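As stored in final-v7.tsv (TSV, C-alpha atoms):
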chain	number	residue	atom	x	y	z
A	2	MET	CA	26.23	25.57	-1.74
A	3	ARG	CA	23.25	23.46	-0.76
A	4	ALA	CA	24.16	20.42	1.34
A	5	MET	CA	23.40	16.98	-0.06
A	6	VAL	CA	20.56	15.13	1.67
A	7	ASP	CA	21.58	11.83	3.23
A	8	PHE	CA	18.47	9.81	2.45
A	9	ALA	CA	19.82	6.73	4.23
A	10	VAL	CA	19.88	8.70	7.47
A	11	HIS	CA	16.33	9.95	6.88
A	12	ARG	CA	15.20	6.39	6.15
A	13	ARG	CA	16.66	5.17	9.43
A	14	LYS	CA	15.01	8.04	11.30
A	15	MET	CA	11.67	7.11	9.69
A	16	ILE	CA	12.03	3.56	10.93
A	17	ASP	CA	13.12	4.51	14.44
A	18	SER	CA	10.82	7.47	15.08
A	19	GLN	CA	7.72	6.52	13.08
A	20	LEU	CA	7.49	2.76	12.60
A	21	ARG	CA	9.00	1.40	15.80
A	22	THR	CA	7.19	3.95	17.97
A	23	ASN	CA	3.86	2.91	16.41
A	24	ASP	CA	4.21	-0.79	17.26
A	25	VAL	CA	5.68	-1.95	13.96
A	26	THR	CA	7.91	-4.61	15.45
A	27	ASP	CA	8.28	-7.25	12.73
A	28	LEU	CA	11.99	-7.26	11.85
A	29	VAL	CA	11.38	-8.50	8.30
A	30	ILE	CA	9.02	-5.60	7.63
A	31	ILE	CA	11.44	-3.11	9.17
A	32	ALA	CA	14.27	-4.46	6.99
A	33	ALA	CA	12.09	-4.12	3.88
A	34	PHE	CA	11.39	-0.47	4.63
A	35	GLY	CA	15.10	0.08	5.11
A	36	ALA	CA	15.89	-1.52	1.75
A	37	VAL	CA	13.68	0.65	-0.49
A	38	ALA	CA	14.52	4.26	-1.36
A	39	ARG	CA	11.19	6.02	-0.79
A	40	GLU	CA	12.62	9.23	-2.26
A	41	ASP	CA	12.63	7.56	-5.69
A	42	PHE	CA	8.85	7.07	-5.56
A	43	VAL	CA	7.65	10.58	-4.65
A	44	ALA	CA	7.37	13.71	-6.80
A	45	PRO	CA	10.82	15.07	-7.71
A	46	ASP	CA	10.20	18.33	-5.86
A	47	ARG	CA	9.32	16.40	-2.68
A	48	ARG	CA	12.30	14.06	-2.46
A	49	GLU	CA	13.61	15.84	0.62
A	50	LEU	CA	10.18	15.35	2.25
A	51	ALA	CA	9.91	11.67	1.35
A	52	TYR	CA	10.37	10.38	4.89
A	53	ILE	CA	8.04	12.65	6.85
A	54	ASP	CA	4.93	10.89	8.14
A	55	VAL	CA	2.38	12.50	5.84
A	56	GLU	CA	0.52	11.37	2.74
A	57	GLN	CA	2.52	12.31	-0.33
A	58	PRO	CA	0.75	13.60	-3.48
A	59	VAL	CA	1.27	11.19	-6.34
A	60	PRO	CA	2.94	12.84	-9.36
A	61	GLY	CA	1.19	12.54	-12.74
A	62	GLY	CA	-1.98	10.67	-13.52
A	63	ALA	CA	-5.46	11.87	-14.36
A	64	THR	CA	-6.88	11.81	-10.82
A	65	ARG	CA	-5.63	13.27	-7.56
A	66	ARG	CA	-3.99	10.45	-5.61
A	67	VAL	CA	-1.81	10.14	-2.51
A	68	MET	CA	0.71	7.69	-1.12
A	69	LEU	CA	-0.09	6.29	2.32
A	70	THR	CA	1.96	7.61	5.21
A	71	PRO	CA	4.90	5.35	6.12
A	72	THR	CA	3.30	4.49	9.47
A	73	VAL	CA	-0.11	3.55	8.08
A	74	PHE	CA	1.42	1.53	5.26
A	75	ALA	CA	3.79	-0.31	7.61
A	76	LYS	CA	0.96	-1.15	10.00
A	77	LEU	CA	-1.17	-2.42	7.10
A	78	VAL	CA	1.67	-4.69	6.03
A	79	GLN	CA	2.08	-5.99	9.56
A	80	LEU	CA	-1.68	-6.57	9.76
A	81	ALA	CA	-1.55	-8.69	6.59
A	82	GLU	CA	1.35	-10.81	7.92
A	83	PRO	CA	3.03	-11.54	4.55
A	84	LEU	CA	5.35	-14.54	4.32
A	85	THR	CA	8.37	-15.10	2.11
A	86	THR	CA	6.43	-17.63	0.01
A	87	ASP	CA	3.30	-15.48	-0.42
A	88	ARG	CA	1.82	-14.18	-3.65
A	89	VAL	CA	0.73	-10.58	-3.07
A	90	LEU	CA	-1.62	-8.23	-4.92
A	91	VAL	CA	-1.22	-4.48	-4.32
A	92	VAL	CA	-4.39	-2.63	-5.32
A	93	GLY	CA	-3.79	1.01	-6.25
A	94	SER	CA	-0.02	0.74	-6.66
A	95	ALA	CA	0.30	4.36	-7.93
A	96	THR	CA	4.05	5.14	-7.89
A	97	GLY	CA	4.95	1.53	-7.04
A	98	TYR	CA	6.40	2.15	-3.58
A	99	GLU	CA	4.11	-0.26	-1.73
A	100	ALA	CA	4.82	-3.00	-4.26
A	101	ALA	CA	8.57	-2.37	-3.99
A	102	VAL	CA	8.55	-2.74	-0.20
A	103	LEU	CA	6.40	-5.88	-0.31
A	104	SER	CA	8.73	-7.38	-2.93
A	105	LYS	CA	11.42	-7.45	-0.23
A	106	ILE	CA	9.16	-9.61	1.95
A	107	ALA	CA	7.00	-11.83	-0.26
A	108	GLY	CA	7.71	-14.30	-3.03
A	109	SER	CA	5.97	-12.33	-5.79
A	110	VAL	CA	3.92	-9.15	-6.13
A	111	VAL	CA	1.33	-8.05	-8.67
A	112	ALA	CA	1.09	-4.23	-8.70
A	113	LEU	CA	-2.35	-3.18	-9.99
A	114	GLU	CA	-3.00	0.40	-11.07
A	115	SER	CA	-6.00	1.82	-12.96
A	116	ASP	CA	-4.44	5.07	-14.20
A	117	PRO	CA	-2.40	4.32	-17.37
A	118	ALA	CA	0.05	7.20	-16.81
A	119	LEU	CA	0.74	6.17	-13.23
A	120	ALA	CA	1.04	2.52	-14.24
A	121	ALA	CA	3.58	3.31	-16.97
A	122	ALA	CA	5.72	5.42	-14.63
A	123	ALA	CA	5.53	2.76	-11.90
A	124	ALA	CA	6.60	0.06	-14.34
A	125	GLN	CA	9.81	2.00	-15.00
A	126	ARG	CA	10.51	2.46	-11.29
A	127	LEU	CA	9.83	-1.22	-10.59
A	128	ALA	CA	11.94	-2.57	-13.45
A	129	SER	CA	14.78	-3.46	-11.08
A	130	PHE	CA	12.49	-5.36	-8.71
A	131	GLY	CA	12.50	-8.76	-10.36
A	132	ASN	CA	9.56	-10.30	-8.50
A	133	VAL	CA	7.08	-7.47	-9.20
A	134	VAL	CA	4.66	-7.58	-12.15
A	135	PRO	CA	2.97	-4.20	-12.89
A	136	VAL	CA	-0.51	-4.51	-14.45
A	137	THR	CA	-3.22	-2.04	-15.45
A	138	GLY	CA	-6.95	-2.37	-14.88
A	139	PRO	CA	-9.92	-1.27	-12.76
A	140	LEU	CA	-9.00	-1.53	-9.09
A	141	PRO	CA	-12.21	-3.15	-7.74
A	142	GLY	CA	-11.78	-5.99	-10.25
A	143	GLY	CA	-8.43	-7.02	-8.85
A	144	TRP	CA	-6.27	-9.13	-11.16
A	145	PRO	CA	-7.93	-12.55	-11.67
A	146	ASP	CA	-5.11	-13.85	-13.89
A	147	GLY	CA	-2.84	-14.00	-10.84
A	148	ALA	CA	-5.39	-15.20	-8.29
A	149	PRO	CA	-5.67	-16.62	-5.73
A	150	TYR	CA	-3.49	-14.36	-3.56
A	151	ASP	CA	-2.13	-15.04	-0.09
A	152	VAL	CA	-2.13	-11.31	0.64
A	153	ILE	CA	-4.04	-8.41	-0.88
A	154	LEU	CA	-3.06	-4.93	0.27
A	155	VAL	CA	-5.29	-2.03	-0.75
A	156	ALA	CA	-3.12	1.10	-0.83
A	157	GLY	CA	-5.87	3.57	0.01
A	158	ALA	CA	-9.33	3.78	1.52
A	159	VAL	CA	-12.54	2.14	0.30
A	160	GLU	CA	-16.20	2.83	0.94
A	161	ALA	CA	-17.62	-0.10	-1.04
A	162	GLY	CA	-16.74	-2.64	-3.73
A	163	LEU	CA	-14.56	-5.25	-1.99
A	164	GLU	CA	-16.48	-8.39	-2.98
A	165	THR	CA	-14.43	-9.25	-6.06
A	166	LEU	CA	-11.16	-8.82	-4.16
A	167	LYS	CA	-12.42	-11.06	-1.36
A	168	GLY	CA	-13.09	-13.71	-3.99
A	169	GLN	CA	-9.46	-13.57	-5.12
A	170	LEU	CA	-8.08	-14.51	-1.70
A	171	ALA	CA	-6.53	-17.94	-1.26
A	172	LEU	CA	-7.56	-20.15	1.65
A	173	ASP	CA	-6.15	-18.46	4.77
A	174	GLY	CA	-5.38	-15.41	2.60
A	175	ARG	CA	-5.45	-11.95	4.20
A	176	MET	CA	-6.58	-8.61	2.81
A	177	ALA	CA	-5.55	-5.42	4.62
A	178	VAL	CA	-7.57	-2.32	3.79
A	179	ILE	CA	-8.73	1.03	5.19
A	180	GLU	CA	-12.53	1.15	5.29
A	181	GLY	CA	-14.56	4.35	5.53
A	182	VAL	CA	-13.64	8.01	5.48
A	183	GLY	CA	-12.69	10.60	8.07
A	184	GLY	CA	-13.03	9.82	11.74
A	185	ALA	CA	-15.13	6.74	11.04
A	186	ALA	CA	-12.38	5.02	9.03
A	187	SER	CA	-10.24	2.15	10.29
A	188	ALA	CA	-7.85	-0.49	9.02
A	189	VAL	CA	-9.38	-3.96	8.75
A	190	VAL	CA	-7.96	-7.35	7.84
A	191	TYR	CA	-10.14	-9.89	6.04
A	192	THR	CA	-9.20	-13.58	6.25
A	193	ARG	CA	-10.58	-16.34	4.01
A	194	GLY	CA	-11.61	-19.48	5.85
A	195	ASP	CA	-13.18	-22.70	4.60
A	196	ALA	CA	-16.72	-21.32	4.60
A	197	GLU	CA	-16.50	-17.54	4.71
A	198	VAL	CA	-14.37	-14.42	4.80
A	199	SER	CA	-14.14	-12.91	8.28
A	200	ALA	CA	-13.11	-9.38	9.27
A	201	ARG	CA	-11.06	-8.12	12.20
A	202	PHE	CA	-10.37	-4.54	13.30
A	203	GLY	CA	-6.72	-3.56	13.04
A	204	PHE	CA	-6.17	0.07	14.00
A	205	ASN	CA	-7.52	3.57	13.43
A	206	ALA	CA	-6.49	5.01	10.08
A	207	ALA	CA	-7.81	7.14	7.23
A	208	SER	CA	-6.81	7.98	3.66
A	209	LYS	CA	-8.21	9.17	0.35
A	210	VAL	CA	-10.72	6.79	-1.28
A	211	LEU	CA	-9.28	4.98	-4.30
A	212	PRO	CA	-11.00	5.27	-7.72
A	213	GLY	CA	-13.83	2.77	-8.08
A	214	PHE	CA	-14.29	2.20	-4.36
A	215	GLU	CA	-16.57	5.19	-3.73
A	216	LYS	CA	-19.92	4.61	-2.03
A	217	PRO	CA	-22.74	4.77	-4.59
A	218	LYS	CA	-24.67	8.03	-4.35
A	219	ALA	CA	-28.12	7.58	-2.83
A	220	PHE	CA	-31.08	8.53	-4.99
A	221	VAL	CA	-32.90	11.58	-3.65
A	222	PHE	CA	-36.61	11.94	-4.36
Render the structure in this file as structure tokens.
Amino acid sequence: MRAMVDFAVHRRKMIDSQLRTNDVTDLVIIAAFGAVAREDFVAPDRRELAYIDVEQPVPGGATRRVMLTPTVFAKLVQLAEPLTTDRVLVVGSATGYEAAVLSKIAGSVVALESDPALAAAAAQRLASFGNVVPVTGPLPGGWPDGAPYDVILVAGAVEAGLETLKGQLALDGRMAVIEGVGGAASAVVYTRGDAEVSARFGFNAASKVLPGFEKPKAFVF
């Protein structure tokens, strides 16, 4: 008989061996990761692999998508410094995991997904998270109906197309995002001030580029 997997033990190991060892020290963030069952947000045949530190393929949907690794996601959250009163927008919510974790930290979360099939499945998973509102629309357009946001977290990489999201930040709002691809990619936090939006390097990271954030192809003569 196959032994039952103790996901709570795996979740604790993820926190202790992946998050804490990669300088994720905020106790509120650590508690949020401990409170959400990541195995419920991955493909059914990968539940036992939910807590390894790799990008998980997103089940369903029309385009190939991945979930961020636990470490990269946790460090992005810490970079954004969400507060209990903050209004958060998750761009590219996919299975809903990032929105679920942030719901344990912030006051309210808007989970934006462009793929209708992914959005519908995420809405079912997020039904028990009372402060999360799943919405569907193009990712680069953000969700203006809920703006301005104190925190915007982009759950994937971008090459271009952040201007509209920057415009949806509240004063002192922060947007955490992975910019670039491959070895040239890094996590950056944008902060809205009185006159401009400034950028600060966070840490080295890479992921798959989200739909709509691809760099326009250059015209070749």
- request: Find, counting all atoms listed in the file, the residue in A:Lys218, A:Lys209, A:Lys76, A:Arg126 that gets nearest to Ala177 (chain A).
  value: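 Distance minimum relative to Ala177 (chain A) lands on A:Lys76.
Each of A:Ala156, A:Phe130, A:Ala81, A:Val91 was checked against Ala200 (chain A) using all atoms listed in the file; the smallest atom-to-atom distance is that of A:Ala81.
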message: Give me the residues near Ala112 (chain A) as a list in words, where near means some atom within 9 Å (using only C-alpha atoms) and where sequence neighbours in that chain fewer than 2 positions away do not count.
response: Val89, Leu90, Val91, Val92, Gly93, Ser94, Ala95, Gly97, Glu99, Ala100, Val110, Glu114, Ala120, Ala123, Ala124, Val133, Val134, Pro135, Val136 and Thr137 of chain A
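Excluding Leu50 (chain A) and any residue on its chain fewer than 5 positions from it, the residues at most 9 Å away by only C-alpha atoms are A:Glu40, A:Val43, A:Gln57.
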- prompt: Pick the closest to Pro145 (chain A) from A:Val182, A:Arg175, A:Gln79, A:Lys167: which is it, counting all atoms listed in the file?
  reply: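 That would be A:Lys167, the residue with the smallest distance to Pro145 (chain A).
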- request: Anything within 10 Å of (-14.1, -5.7, -11.2): list those residues as number ranges by chain, counting only C-alpha atoms and sticking to the file's coordinates.
  value: A: 138-145, 162-166, 213
- request: Kindly give the distance, in Å, that separates CA of Pro212 (chain A) and CA of Arg88 (chain A), rounded to a single decimal.
  value: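 CA of Arg88 (chain A) lies 23.6 Å from CA of Pro212 (chain A).
Going from CA of Tyr191 (chain A) to CA of Ala161 (chain A) covers 14.2 Å.
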query: Looking at only C-alpha atoms, which of A:Gly174, A:Gly35, A:Gly61, A:Gly194 is the one that sits closest to Leu154 (chain A)?
result: A:Gly174
message: Which residues are near Phe202 (chain A)? Cut-off 12 Å, all atoms listed in the file, ignore same chain within fewer than 4 positions. Put them as a PyMOL selection string.
response: chain A and resi 77+80-81+176-180+186-192+206
- request: Write out as an MDAnalysis selection string the residues lying within 12 Å of Arg12 (chain A), counting all atoms listed in the file and excluding same-chain residues fewer than 3 positions away.
  value: chainID A and resid 6:9 15:20 31:40 48:54 71
- request: Check the smallest atom-to-atom distance from each of A:Ala101, A:Val29, A:Gly181, A:Ala171 to Leu127 (chain A) using all atoms listed in the file, then report the winner.
  value: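 Using all atoms listed in the file, Leu127 (chain A) sits closest to A:Ala101.
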- request: Just give me the gap between CA of Thr72 (chain A) and CA of Pro149 (chain A) in Å, one decimal is fine.
  value: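 Here the two named atoms are 27.5 Å from each other.
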- prompt: Which one is closest to Phe42 (chain A): A:Tyr98, A:Val25, A:Thr86, A:Leu69? Count all atoms listed in the file.
  reply: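 Using all atoms listed in the file, Phe42 (chain A) sits closest to A:Tyr98.
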